[in-house]
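Engineer: Please find my_file_21.tsv (TSV, C-alpha atoms and all ligand atoms) on the next line:
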chain	number	residue	atom	x	y	z
J	1	MET	CA	109.62	82.47	154.97
J	2	SER	CA	105.88	82.10	155.52
J	3	GLY	CA	102.94	82.59	153.22
J	4	VAL	CA	103.96	82.22	149.57
J	5	ILE	CA	102.19	81.53	146.30
J	6	ILE	CA	104.05	79.34	143.82
J	7	GLY	CA	103.67	79.91	140.05
J	8	VAL	CA	104.33	77.35	137.32
J	9	GLU	CA	105.09	78.51	133.78
J	10	SER	CA	105.18	76.06	130.86
J	11	THR	CA	103.63	77.70	127.79
J	12	ALA	CA	106.50	76.92	125.37
J	13	HIS	CA	110.33	76.69	125.68
J	14	THR	CA	110.55	77.77	129.30
J	15	PHE	CA	109.64	75.60	132.28
J	16	SER	CA	109.79	77.69	135.40
J	17	PHE	CA	108.79	77.72	139.06
J	18	GLY	CA	108.70	81.02	140.91
J	19	LEU	CA	107.04	82.53	143.90
J	20	VAL	CA	105.70	85.67	145.50
J	21	THR	CA	104.95	86.31	149.14
J	22	ASP	CA	101.41	87.04	150.37
J	23	GLU	CA	102.21	90.74	150.08
J	24	GLY	CA	103.43	90.38	146.49
J	25	ARG	CA	107.18	90.45	147.02
J	26	PRO	CA	108.63	88.36	144.21
J	27	CYS	CA	111.55	85.95	144.41
J	28	LYS	CA	113.69	84.70	141.56
J	29	SER	CA	112.40	81.87	139.38
J	30	TYR	CA	113.94	78.42	138.97
J	31	SER	CA	113.83	77.83	135.23
J	32	ALA	CA	114.99	75.52	132.45
J	33	LEU	CA	114.98	76.38	128.74
J	34	TYR	CA	114.32	73.78	126.07
J	35	ARG	CA	116.64	74.41	123.12
J	36	PRO	CA	115.76	72.45	119.97
J	37	GLU	CA	118.80	70.70	118.44
J	38	GLU	CA	117.72	71.99	115.06
J	39	GLY	CA	114.68	73.72	113.60
J	40	GLY	CA	111.86	75.28	115.58
J	41	ILE	CA	110.20	74.06	118.75
J	42	HIS	CA	108.91	70.49	118.77
J	43	PRO	CA	106.00	70.61	121.27
J	44	ARG	CA	106.28	67.00	122.40
J	45	GLU	CA	110.05	67.17	122.87
J	46	ALA	CA	109.64	70.40	124.82
J	47	ALA	CA	106.97	68.75	126.99
J	48	ASP	CA	109.30	65.78	127.66
J	49	HIS	CA	112.04	68.20	128.62
J	50	HIS	CA	109.68	69.91	131.06
J	51	SER	CA	108.36	66.75	132.68
J	52	ASN	CA	111.89	65.37	133.10
J	53	LEU	CA	112.91	68.47	135.04
J	54	ALA	CA	109.78	69.06	137.13
J	55	SER	CA	110.83	67.39	140.37
J	56	GLN	CA	114.37	68.80	140.20
J	57	LEU	CA	113.14	72.38	139.74
J	58	ILE	CA	110.52	72.24	142.48
J	59	SER	CA	113.06	70.68	144.89
J	60	ARG	CA	115.55	73.44	144.15
J	61	LEU	CA	112.94	76.11	144.76
J	62	MET	CA	111.83	74.56	148.06
J	63	ASN	CA	115.42	73.99	149.28
J	64	GLU	CA	117.02	77.22	148.17
J	65	GLU	CA	114.12	79.34	149.45
J	66	SER	CA	114.02	77.26	152.68
J	67	LEU	CA	110.33	76.51	152.20
J	68	HIS	CA	108.19	73.90	153.87
J	69	PRO	CA	104.96	72.80	152.15
J	70	ASP	CA	103.02	74.45	155.03
J	71	ASP	CA	104.40	77.82	153.85
J	72	VAL	CA	102.76	77.46	150.44
J	73	LYS	CA	99.30	79.05	150.39
J	74	ALA	CA	98.35	78.38	146.77
J	75	ILE	CA	99.71	77.18	143.46
J	76	ALA	CA	99.12	79.06	140.19
J	77	TYR	CA	99.85	77.78	136.68
J	78	SER	CA	99.60	79.01	133.08
J	79	GLN	CA	96.31	77.77	131.69
J	80	GLY	CA	97.04	79.29	128.26
J	81	PRO	CA	97.78	80.48	125.67
J	82	GLY	CA	100.59	78.21	124.58
J	83	LEU	CA	101.46	74.79	123.21
J	84	GLY	CA	99.10	72.06	124.41
J	85	PRO	CA	101.70	69.41	125.37
J	86	CYS	CA	103.80	71.97	127.27
J	87	LEU	CA	100.84	73.55	129.06
J	88	ARG	CA	99.63	70.10	130.08
J	89	VAL	CA	102.88	69.35	131.95
J	90	GLY	CA	102.60	72.53	134.04
J	91	ALA	CA	98.90	71.93	134.73
J	92	ASN	CA	99.47	68.31	135.78
J	93	VAL	CA	102.34	69.16	138.10
J	94	SER	CA	100.28	71.96	139.65
J	95	ARG	CA	97.20	69.78	140.17
J	96	ALA	CA	99.37	67.13	141.81
J	97	LEU	CA	101.03	69.63	144.18
J	98	SER	CA	97.70	71.23	145.00
J	99	GLN	CA	96.28	67.84	146.02
J	100	GLN	CA	99.39	66.66	147.82
J	101	TRP	CA	99.73	69.85	149.86
J	102	ASN	CA	95.98	70.46	150.10
J	103	ILE	CA	96.21	74.05	148.83
J	104	PRO	CA	94.11	76.04	146.32
J	105	LEU	CA	94.88	75.79	142.61
J	106	VAL	CA	94.55	78.79	140.31
J	107	GLY	CA	94.79	78.71	136.50
J	108	VAL	CA	95.97	82.01	135.03
J	109	ASN	CA	96.25	83.74	131.67
J	110	HIS	CA	99.92	83.89	130.67
J	111	CYS	CA	99.56	87.18	128.75
J	112	VAL	CA	97.87	88.89	131.68
J	113	ALA	CA	100.68	87.63	133.94
J	114	HIS	CA	103.19	89.63	131.86
J	115	ILE	CA	101.15	92.76	132.66
J	116	GLU	CA	100.76	92.07	136.37
J	117	ILE	CA	104.44	91.34	137.03
J	118	GLY	CA	105.23	94.55	135.14
J	119	ARG	CA	102.82	96.53	137.32
J	120	ASN	CA	104.21	94.85	140.44
J	121	GLN	CA	107.80	95.66	139.52
J	122	THR	CA	107.51	99.16	138.09
J	123	GLY	CA	104.66	100.61	140.13
J	124	CYS	CA	102.83	101.79	137.00
J	125	VAL	CA	99.08	101.85	137.53
J	126	ASP	CA	97.12	101.86	134.29
J	127	PRO	CA	99.59	101.28	131.47
J	128	VAL	CA	99.44	100.48	127.80
J	129	LEU	CA	101.43	97.24	127.58
J	130	LEU	CA	103.62	96.56	124.56
J	131	TYR	CA	103.87	92.80	124.86
J	132	VAL	CA	106.66	91.57	122.60
J	133	SER	CA	107.62	87.92	122.92
J	134	GLY	CA	108.29	84.87	120.78
J	135	GLY	CA	104.69	83.79	120.36
J	136	ASN	CA	102.89	87.08	120.92
J	137	THR	CA	103.04	90.69	119.84
J	138	GLN	CA	100.18	92.73	121.24
J	139	VAL	CA	99.39	96.23	122.41
J	140	ILE	CA	97.06	95.96	125.39
J	141	ALA	CA	95.21	98.36	127.68
J	142	ARG	CA	92.68	97.90	130.43
J	143	ALA	CA	89.09	98.81	129.62
J	144	GLY	CA	86.77	98.13	132.56
J	145	GLU	CA	86.98	94.47	133.51
J	146	ARG	CA	89.16	93.33	130.61
J	147	TYR	CA	92.59	93.86	129.22
J	148	GLN	CA	91.67	94.80	125.68
J	149	VAL	CA	93.93	94.04	122.70
J	150	LEU	CA	94.22	97.30	120.76
J	151	GLY	CA	96.56	95.95	118.12
J	152	GLU	CA	98.52	92.79	117.43
J	153	THR	CA	100.54	90.81	114.95
J	154	LEU	CA	98.51	89.28	112.17
J	155	ASP	CA	101.06	86.55	111.51
J	156	ILE	CA	104.06	85.61	113.68
J	157	GLY	CA	105.33	87.09	116.95
J	158	ILE	CA	108.28	89.48	116.69
J	159	GLY	CA	110.51	87.18	118.78
J	160	ASN	CA	109.64	84.25	116.56
J	161	MET	CA	110.62	86.38	113.55
J	162	LEU	CA	113.99	87.19	115.16
J	163	ASP	CA	114.57	83.54	116.11
J	164	LYS	CA	113.73	82.37	112.57
J	165	PHE	CA	116.03	84.92	110.98
J	166	ALA	CA	118.81	83.95	113.39
J	167	ARG	CA	118.31	80.28	112.55
J	168	THR	CA	118.78	80.93	108.81
J	169	GLN	CA	122.15	82.48	109.75
J	170	GLY	CA	123.23	79.48	111.82
J	171	LEU	CA	122.59	81.20	115.16
J	172	ALA	CA	121.07	78.95	117.84
J	173	PHE	CA	117.86	79.63	119.78
J	174	PRO	CA	117.16	82.14	121.26
J	175	GLY	CA	118.20	84.34	118.37
J	176	GLY	CA	116.97	87.70	119.71
J	177	PRO	CA	119.93	88.35	122.04
J	178	LYS	CA	122.44	87.34	119.34
J	179	ILE	CA	120.84	89.68	116.81
J	180	GLU	CA	120.98	92.45	119.40
J	181	GLN	CA	124.70	91.86	119.91
J	182	LEU	CA	125.49	91.75	116.18
J	183	ALA	CA	123.43	94.91	115.60
J	184	ARG	CA	125.15	96.73	118.46
J	185	ASP	CA	128.65	95.73	117.34
J	186	TRP	CA	127.96	96.77	113.76
J	187	HIS	CA	126.39	100.07	114.77
J	188	GLN	CA	129.35	100.93	117.00
J	189	LYS	CA	131.56	100.62	113.91
J	190	ASN	CA	129.03	102.46	111.73
J	191	PRO	CA	127.50	105.12	114.00
J	192	LYS	CA	126.37	107.30	111.10
J	193	ALA	CA	124.42	104.50	109.39
J	194	ASN	CA	120.80	105.10	108.48
J	195	VAL	CA	117.94	102.79	107.68
J	196	ASP	CA	118.13	103.40	103.92
J	197	LEU	CA	121.29	101.28	103.73
J	198	VAL	CA	119.46	97.98	104.19
J	199	GLU	CA	115.89	98.85	103.34
J	200	LEU	CA	113.21	96.51	104.69
J	201	PRO	CA	109.40	96.58	104.54
J	202	TYR	CA	107.64	98.49	107.29
J	203	SER	CA	105.00	96.30	108.82
J	204	VAL	CA	102.24	98.47	110.36
J	205	GLN	CA	98.62	98.16	109.23
J	206	GLY	CA	96.53	100.52	111.32
J	207	MET	CA	96.89	99.15	114.84
J	208	ASP	CA	98.13	95.77	113.66
J	209	LEU	CA	101.53	94.44	112.69
J	210	ASN	CA	103.03	91.62	110.67
J	211	PHE	CA	106.54	90.21	110.48
J	212	SER	CA	106.70	87.58	107.71
J	213	GLY	CA	107.49	90.14	105.01
J	214	ILE	CA	110.34	91.70	106.95
J	215	LEU	CA	111.73	88.24	107.79
J	216	ASN	CA	111.87	87.18	104.14
J	217	ALA	CA	113.29	90.53	103.05
J	218	ALA	CA	116.06	90.35	105.67
J	219	ILE	CA	117.06	86.85	104.54
J	220	GLN	CA	117.09	88.17	100.98
J	221	LYS	CA	119.39	91.07	101.93
J	222	VAL	CA	121.96	88.68	103.41
J	223	ASN	CA	121.75	86.56	100.25
J	224	GLU	CA	122.39	89.71	98.21
J	225	GLY	CA	125.65	90.17	100.09
J	226	PHE	CA	124.83	92.73	102.76
J	227	GLU	CA	126.85	92.28	105.95
J	228	LEU	CA	124.98	90.27	108.61
J	229	GLY	CA	125.51	92.94	111.29
J	230	ALA	CA	124.04	95.61	109.01
J	231	VAL	CA	120.97	93.48	108.32
J	232	CYS	CA	120.52	92.72	112.03
J	233	TRP	CA	120.69	96.42	112.82
J	234	SER	CA	118.14	97.34	110.15
J	235	LEU	CA	115.89	94.46	111.15
J	236	GLN	CA	115.72	95.78	114.70
J	237	GLU	CA	115.23	99.38	113.56
J	238	TYR	CA	112.29	98.57	111.28
J	239	ALA	CA	110.59	95.94	113.43
J	240	PHE	CA	110.92	97.83	116.71
J	241	ALA	CA	109.86	101.16	115.16
J	242	ALA	CA	106.68	99.46	113.93
J	243	CYS	CA	105.88	98.24	117.46
J	244	ILE	CA	106.64	101.61	119.01
J	245	GLU	CA	104.44	103.37	116.45
J	246	VAL	CA	101.45	101.20	117.36
J	247	ALA	CA	102.19	101.67	121.06
J	248	GLU	CA	102.26	105.44	120.59
J	249	ARG	CA	98.93	105.38	118.80
J	250	ALA	CA	97.49	103.25	121.61
J	251	LEU	CA	98.64	105.83	124.16
J	252	ALA	CA	97.01	108.59	122.11
J	253	HIS	CA	93.71	106.75	121.57
J	254	SER	CA	93.37	105.48	125.13
J	255	GLY	CA	94.48	108.69	126.82
J	256	LYS	CA	96.76	106.67	129.11
J	257	SER	CA	100.17	108.02	130.03
J	258	GLU	CA	102.24	104.97	130.98
J	259	LEU	CA	103.86	102.55	128.55
J	260	LEU	CA	104.95	99.22	129.99
J	261	LEU	CA	107.14	96.79	128.03
J	262	GLY	CA	106.90	93.05	128.64
J	263	GLY	CA	107.80	89.72	127.02
J	264	GLY	CA	111.24	88.38	126.08
J	265	VAL	CA	111.94	90.95	123.36
J	266	ALA	CA	111.50	93.68	125.98
J	267	CYS	CA	114.97	92.61	127.23
J	268	ASN	CA	116.37	94.36	124.16
J	269	GLU	CA	118.16	97.65	124.92
J	270	ARG	CA	117.27	99.17	121.56
J	271	ILE	CA	113.50	98.69	121.88
J	272	ARG	CA	113.77	100.11	125.40
J	273	GLU	CA	115.62	103.13	124.06
J	274	MET	CA	113.00	103.69	121.35
J	275	ALA	CA	110.23	103.41	123.96
J	276	ARG	CA	112.05	105.87	126.21
J	277	ILE	CA	112.46	108.43	123.42
J	278	MET	CA	108.87	108.14	122.22
J	279	CYS	CA	107.51	108.49	125.77
J	280	GLU	CA	109.72	111.50	126.53
J	281	GLN	CA	108.52	113.22	123.37
J	282	ARG	CA	104.88	112.90	124.33
J	283	GLY	CA	105.22	113.45	128.07
J	284	SER	CA	104.44	109.83	128.93
J	285	VAL	CA	106.37	107.43	131.13
J	286	GLY	CA	108.11	104.39	129.62
J	287	THR	CA	108.85	101.57	132.03
J	288	TRP	CA	109.77	97.89	132.13
J	289	PRO	CA	110.69	95.24	134.68
J	290	GLU	CA	114.20	93.78	134.94
J	291	LYS	CA	115.05	91.14	132.36
J	292	GLN	CA	114.32	88.11	134.53
J	293	TYR	CA	110.69	89.30	134.65
J	294	CYS	CA	110.44	90.14	130.92
J	295	ILE	CA	111.20	86.60	129.74
J	296	ASP	CA	108.79	83.85	130.72
J	297	ASN	CA	109.06	83.09	134.43
J	298	GLY	CA	107.11	81.32	137.14
J	299	THR	CA	107.15	84.38	139.39
J	300	MET	CA	104.79	86.31	137.11
J	301	ILE	CA	102.34	83.39	137.19
J	302	ALA	CA	102.50	83.42	140.99
J	303	GLU	CA	101.87	87.17	141.07
J	304	LEU	CA	98.78	86.94	138.87
J	305	GLY	CA	97.53	83.98	140.92
J	306	ARG	CA	97.96	86.09	144.05
J	307	ARG	CA	96.00	89.00	142.54
J	308	MET	CA	93.21	86.71	141.36
J	309	LEU	CA	92.83	85.04	144.75
J	310	GLU	CA	92.31	88.46	146.35
J	311	THR	CA	88.91	88.66	144.65
J	312	GLN	CA	88.11	85.27	143.11
J	313	ASN	CA	87.68	81.66	144.10
J	314	PRO	CA	90.38	79.13	143.22
J	315	THR	CA	90.05	77.12	140.02
J	316	ASP	CA	87.90	74.04	140.49
J	317	LEU	CA	89.50	70.84	139.17
J	318	ASP	CA	86.61	70.56	136.69
J	319	TYR	CA	87.61	73.91	135.18
J	320	SER	CA	91.36	73.42	135.35
J	321	ALA	CA	91.84	72.19	131.77
J	322	ILE	CA	94.42	74.04	129.71
J	323	ASN	CA	93.34	76.37	126.89
J	324	PRO	CA	96.05	76.71	124.21
J	325	SER	CA	94.17	79.52	122.45
J	326	LEU	CA	93.17	81.56	125.51
J	327	ARG	CA	92.90	85.24	124.56
J	328	THR	CA	94.19	88.18	126.59
J	329	ASP	CA	90.72	89.75	126.67
J	330	HIS	CA	88.99	86.55	127.77
J	331	THR	CA	90.05	86.97	131.39
J	332	ILE	CA	87.82	89.03	133.69
J	333	VAL	CA	89.98	91.45	135.66
J	334	THR	CA	88.46	91.75	139.12
J	335	TRP	CA	91.49	93.13	140.96
J	336	ASP	CA	92.69	96.77	141.07
Q	1	LIG	P1	105.07	83.97	125.00
Q	1	LIG	O1	104.48	82.66	125.41
Q	1	LIG	O2	104.66	85.10	125.90
Q	1	LIG	O3	104.93	84.28	123.57
Q	1	LIG	P2	107.79	83.12	124.69
Q	1	LIG	O4	107.55	81.66	124.78
Q	1	LIG	O5	108.14	83.65	123.40
Q	1	LIG	O6	106.61	83.89	125.36
Q	1	LIG	P3	109.64	84.78	126.20
Q	1	LIG	O7	110.64	84.33	127.20
Q	1	LIG	O8	108.64	85.80	126.64
Q	1	LIG	O9	108.98	83.44	125.71
Q	1	LIG	O10	110.36	85.39	124.94
Q	1	LIG	C1	111.34	84.68	124.23
Q	1	LIG	C2	111.68	85.50	123.01
Q	1	LIG	O11	112.36	86.70	123.41
Q	1	LIG	C3	112.56	84.78	122.02
Q	1	LIG	O12	112.01	84.97	120.75
Q	1	LIG	C4	113.89	85.51	122.17
Q	1	LIG	O13	114.67	85.52	120.98
Q	1	LIG	C5	113.44	86.90	122.53
Q	1	LIG	N1	114.47	87.69	123.21
Q	1	LIG	C6	115.06	87.42	124.40
Q	1	LIG	N2	116.01	88.34	124.66
Q	1	LIG	C7	116.02	89.22	123.62
Q	1	LIG	C8	116.79	90.37	123.28
Q	1	LIG	N3	117.76	90.82	124.08
Q	1	LIG	N4	116.50	91.00	122.13
Q	1	LIG	C9	115.52	90.55	121.31
Q	1	LIG	N5	114.79	89.46	121.56
Q	1	LIG	C10	115.03	88.80	122.69
Q	2	FE2	FE	105.52	84.94	127.66
Would you encode the structure as structure tokens?
Ligand code: ATP
Ligand code: FE2
Structural biologist:
Amino acid sequence: MSGVIIGVESTAHTFSFGLVTDEGRPCKSYSALYRPEEGGIHPREAADHHSNLASQLISRLMNEESLHPDDVKAIAYSQGPGLGPCLRVGANVSRALSQQWNIPLVGVNHCVAHIEIGRNQTGCVDPVLLYVSGGNTQVIARAGERYQVLGETLDIGIGNMLDKFARTQGLAFPGGPKIEQLARDWHQKNPKANVDLVELPYSVQGMDLNFSGILNAAIQKVNEGFELGAVCWSLQEYAFAACIEVAERALAHSGKSELLLGGGVACNERIREMARIMCEQRGSVGTWPEKQYCIDNGTMIAELGRRMLETQNPTDLDYSAINPSLRTDHTIVTWD
């Protein structure tokens, strides 16, 4: 294979190396997931996990993709947002490889990378992105040279809410897929159920969302004796409906006609179904990449790096510092 861009992702739990070809054809990512033994993420432990695995992951990528360093045209990495110690590992590894192989370095915005891999994979052109992950929940649309945040969570990310609820029920990280399974199993046995059975707060405020209230209420419902599967099902119904409502309003306000899902929670079949139904009802198109490109992955970082290098200079070492609080709308979008 000749002419690839490597992408390095290390914003939080996931440490991942992926690549795209010069033309933007993506390959699978080589990833490792840090799973805390108990409690939430410990940034320094996660960073240790990442640095311990760096050389193994990059060797696997080079060997399994039959790559020689001469094939690598550039290296992209997540500059932010994310956890400082984790971001620093990815940035350091990328700087080292850029120097060793004498190739350009490009720091990218992780949130924007979720959009660009979605556009690459689905062919949508000018979508509203519903970005639902552990750390982020945002509704985003392009306005001129920025991706503008039209609405977002005012407290925790939806995935973080699901993971926290799962943890209170003894379910290990990541909790989202386990909640999906419990909800699906329960709903198959109770197909006529409706959302009044386990009533939870609805968390939309204009274009913004919040998830702490629904998290506490769901824990309370289990403590009151409601079946866990029933609570999981209701939790998904309420939380996903809130996201889809904001996404629908964003489509209406922006006049755009494509909805793109991205982020780890976009792996969930129920939120996809809700997106599909909402889009059908308003004559829009709902679309999403396959699961490996919804969760954090190095390939999406490579793809954004590739797009940026079409129109921008590489990142100078002096400007390569990480930025844990980088905002989606900070990045100037110079590519099509
Ligand atoms: P970001 O830095 O963009 O916030 P992240 O660090 O949260 O990303 P992702 O891989 O994008 O990482 O998302 C992980 C989240 O996705 C976790 O909260 C996980 O529980 C959730 N998730 C993964 N699969 C599913 C699923 N099938 N249903 C619901 N949630 C899911
Ligand atoms: Fe992410």
Engineer: May I have the residues within 6 Å of ligand LIG 1 (chain Q), computed using all atoms listed in the file, as a compact mmCIF listing (two decimals) with C-alpha atoms, in the frame of the given file?
Structural biologist:
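See out-v2.txt below for the written result:
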# COMPACT_ATOMS: atom_id res chain seq x y z
CA THR J 11 103.63 77.70 127.79
CA ALA J 12 106.50 76.92 125.37
CA HIS J 13 110.33 76.69 125.68
CA GLY J 82 100.59 78.21 124.58
CA SER J 133 107.62 87.92 122.92
CA GLY J 134 108.29 84.87 120.78
CA GLY J 135 104.69 83.79 120.36
CA ASN J 136 102.89 87.08 120.92
CA GLY J 159 110.51 87.18 118.78
CA ASN J 160 109.64 84.25 116.56
CA ASP J 163 114.57 83.54 116.11
CA PRO J 174 117.16 82.14 121.26
CA GLY J 175 118.20 84.34 118.37
CA GLY J 176 116.97 87.70 119.71
CA PRO J 177 119.93 88.35 122.04
CA GLU J 180 120.98 92.45 119.40
CA GLY J 263 107.80 89.72 127.02
CA GLY J 264 111.24 88.38 126.08
CA VAL J 265 111.94 90.95 123.36
CA CYS J 267 114.97 92.61 127.23
CA ASN J 268 116.37 94.36 124.16
CA ILE J 295 111.20 86.60 129.74
CA ASP J 296 108.79 83.85 130.72
Engineer: Mind pulling up the distance from CA of Thr287 in chain J to CA of Arg272 in chain J?
Structural biologist: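 So the two atoms, CA of Arg272 in chain J and CA of Thr287 in chain J, lie 8.4 Å apart.
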Engineer: Could you please determine the separation between CA of Glu310 in chain J and CA of Lys291 in chain J in Å, to one decimal place?
Structural biologist: 26.8 Å
Engineer: Would you compute the distance between CA of Gly255 in chain J and CA of Thr153 in chain J? Give it in Å to one decimal.
Structural biologist: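 Separation of CA of Gly255 in chain J and CA of Thr153 in chain J: 22.3 Å.
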Engineer: Considering only C-alpha atoms and all ligand atoms, state which residue in the set J:Val149, J:Leu235, J:Ala113, J:Ala193 is at the smallest distance from ligand FE2 2 (chain Q).
Structural biologist: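 Counting only C-alpha atoms and all ligand atoms, the residue closest to ligand FE2 2 (chain Q) is J:Ala113.
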Engineer: For Met278 in chain J, work out the shell of residues within 10 Å, counting all atoms listed in the file and skipping chain neighbours fewer than 6 positions away, then give it as number ranges by chain.
Structural biologist: J: 241, 244-245, 247-248, 259, 272, 284-286
Engineer: Store the residues picked out above, limited to C-alpha atoms, as a PDB file, in the coordinates of the input.
Structural biologist:
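Okay, part-v3.pdb is ready:
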ATOM      1  CA  ALA J 241     109.860 101.160 115.160  1.00  0.00           C
ATOM      2  CA  ILE J 244     106.640 101.610 119.010  1.00  0.00           C
ATOM      3  CA  GLU J 245     104.440 103.370 116.450  1.00  0.00           C
ATOM      4  CA  ALA J 247     102.190 101.670 121.060  1.00  0.00           C
ATOM      5  CA  GLU J 248     102.260 105.440 120.590  1.00  0.00           C
ATOM      6  CA  LEU J 259     103.860 102.550 128.550  1.00  0.00           C
ATOM      7  CA  ARG J 272     113.770 100.110 125.400  1.00  0.00           C
ATOM      8  CA  SER J 284     104.440 109.830 128.930  1.00  0.00           C
ATOM      9  CA  VAL J 285     106.370 107.430 131.130  1.00  0.00           C
ATOM     10  CA  GLY J 286     108.110 104.390 129.620  1.00  0.00           C
TER      11      GLY J 286
END
Engineer: Provide range 243-255 of chain J rebuilt to N, CA, C and O atoms, formatted as an mmCIF file, in the frame of the given file.
Structural biologist:
data_model
loop_
_atom_site.group_PDB
_atom_site.id
_atom_site.type_symbol
_atom_site.label_atom_id
_atom_site.label_comp_id
_atom_site.auth_asym_id
_atom_site.auth_seq_id
_atom_site.Cartn_x
_atom_site.Cartn_y
_atom_site.Cartn_z
ATOM 1 N N CYS J 243 106.531 98.496 116.157
ATOM 2 C CA CYS J 243 105.880 98.240 117.460
ATOM 3 C C CYS J 243 105.678 99.528 118.239
ATOM 4 O O CYS J 243 104.618 99.753 118.845
ATOM 5 N N ILE J 244 106.719 100.367 118.237
ATOM 6 C CA ILE J 244 106.640 101.610 119.010
ATOM 7 C C ILE J 244 105.593 102.550 118.407
ATOM 8 O O ILE J 244 104.876 103.259 119.127
ATOM 9 N N GLU J 245 105.463 102.519 117.076
ATOM 10 C CA GLU J 245 104.440 103.370 116.450
ATOM 11 C C GLU J 245 103.040 102.958 116.911
ATOM 12 O O GLU J 245 102.203 103.799 117.258
ATOM 13 N N VAL J 246 102.779 101.667 116.922
ATOM 14 C CA VAL J 246 101.450 101.200 117.360
ATOM 15 C C VAL J 246 101.244 101.515 118.841
ATOM 16 O O VAL J 246 100.154 101.926 119.258
ATOM 17 N N ALA J 247 102.298 101.352 119.625
ATOM 18 C CA ALA J 247 102.190 101.670 121.060
ATOM 19 C C ALA J 247 101.877 103.148 121.256
ATOM 20 O O ALA J 247 101.052 103.516 122.111
ATOM 21 N N GLU J 248 102.506 103.993 120.456
ATOM 22 C CA GLU J 248 102.260 105.440 120.590
ATOM 23 C C GLU J 248 100.802 105.759 120.239
ATOM 24 O O GLU J 248 100.130 106.527 120.939
ATOM 25 N N ARG J 249 100.319 105.134 119.185
ATOM 26 C CA ARG J 249 98.930 105.380 118.800
ATOM 27 C C ARG J 249 97.979 104.884 119.908
ATOM 28 O O ARG J 249 96.956 105.495 120.177
ATOM 29 N N ALA J 250 98.330 103.782 120.525
ATOM 30 C CA ALA J 250 97.490 103.250 121.610
ATOM 31 C C ALA J 250 97.459 104.226 122.789
ATOM 32 O O ALA J 250 96.410 104.429 123.404
ATOM 33 N N LEU J 251 98.611 104.824 123.095
ATOM 34 C CA LEU J 251 98.640 105.830 124.160
ATOM 35 C C LEU J 251 97.727 106.996 123.798
ATOM 36 O O LEU J 251 96.930 107.471 124.619
ATOM 37 N N ALA J 252 97.814 107.449 122.543
ATOM 38 C CA ALA J 252 97.010 108.590 122.110
ATOM 39 C C ALA J 252 95.520 108.263 122.153
ATOM 40 O O ALA J 252 94.718 109.030 122.699
ATOM 41 N N HIS J 253 95.137 107.104 121.631
ATOM 42 C CA HIS J 253 93.710 106.750 121.570
ATOM 43 C C HIS J 253 93.130 106.509 122.964
ATOM 44 O O HIS J 253 91.989 106.852 123.235
ATOM 45 N N SER J 254 93.908 105.877 123.826
ATOM 46 C CA SER J 254 93.370 105.480 125.130
ATOM 47 C C SER J 254 93.455 106.613 126.147
ATOM 48 O O SER J 254 92.812 106.557 127.184
ATOM 49 N N GLY J 255 94.290 107.607 125.860
ATOM 50 C CA GLY J 255 94.480 108.690 126.820
ATOM 51 C C GLY J 255 95.317 108.299 128.019
ATOM 52 O O GLY J 255 95.437 109.052 128.981
#
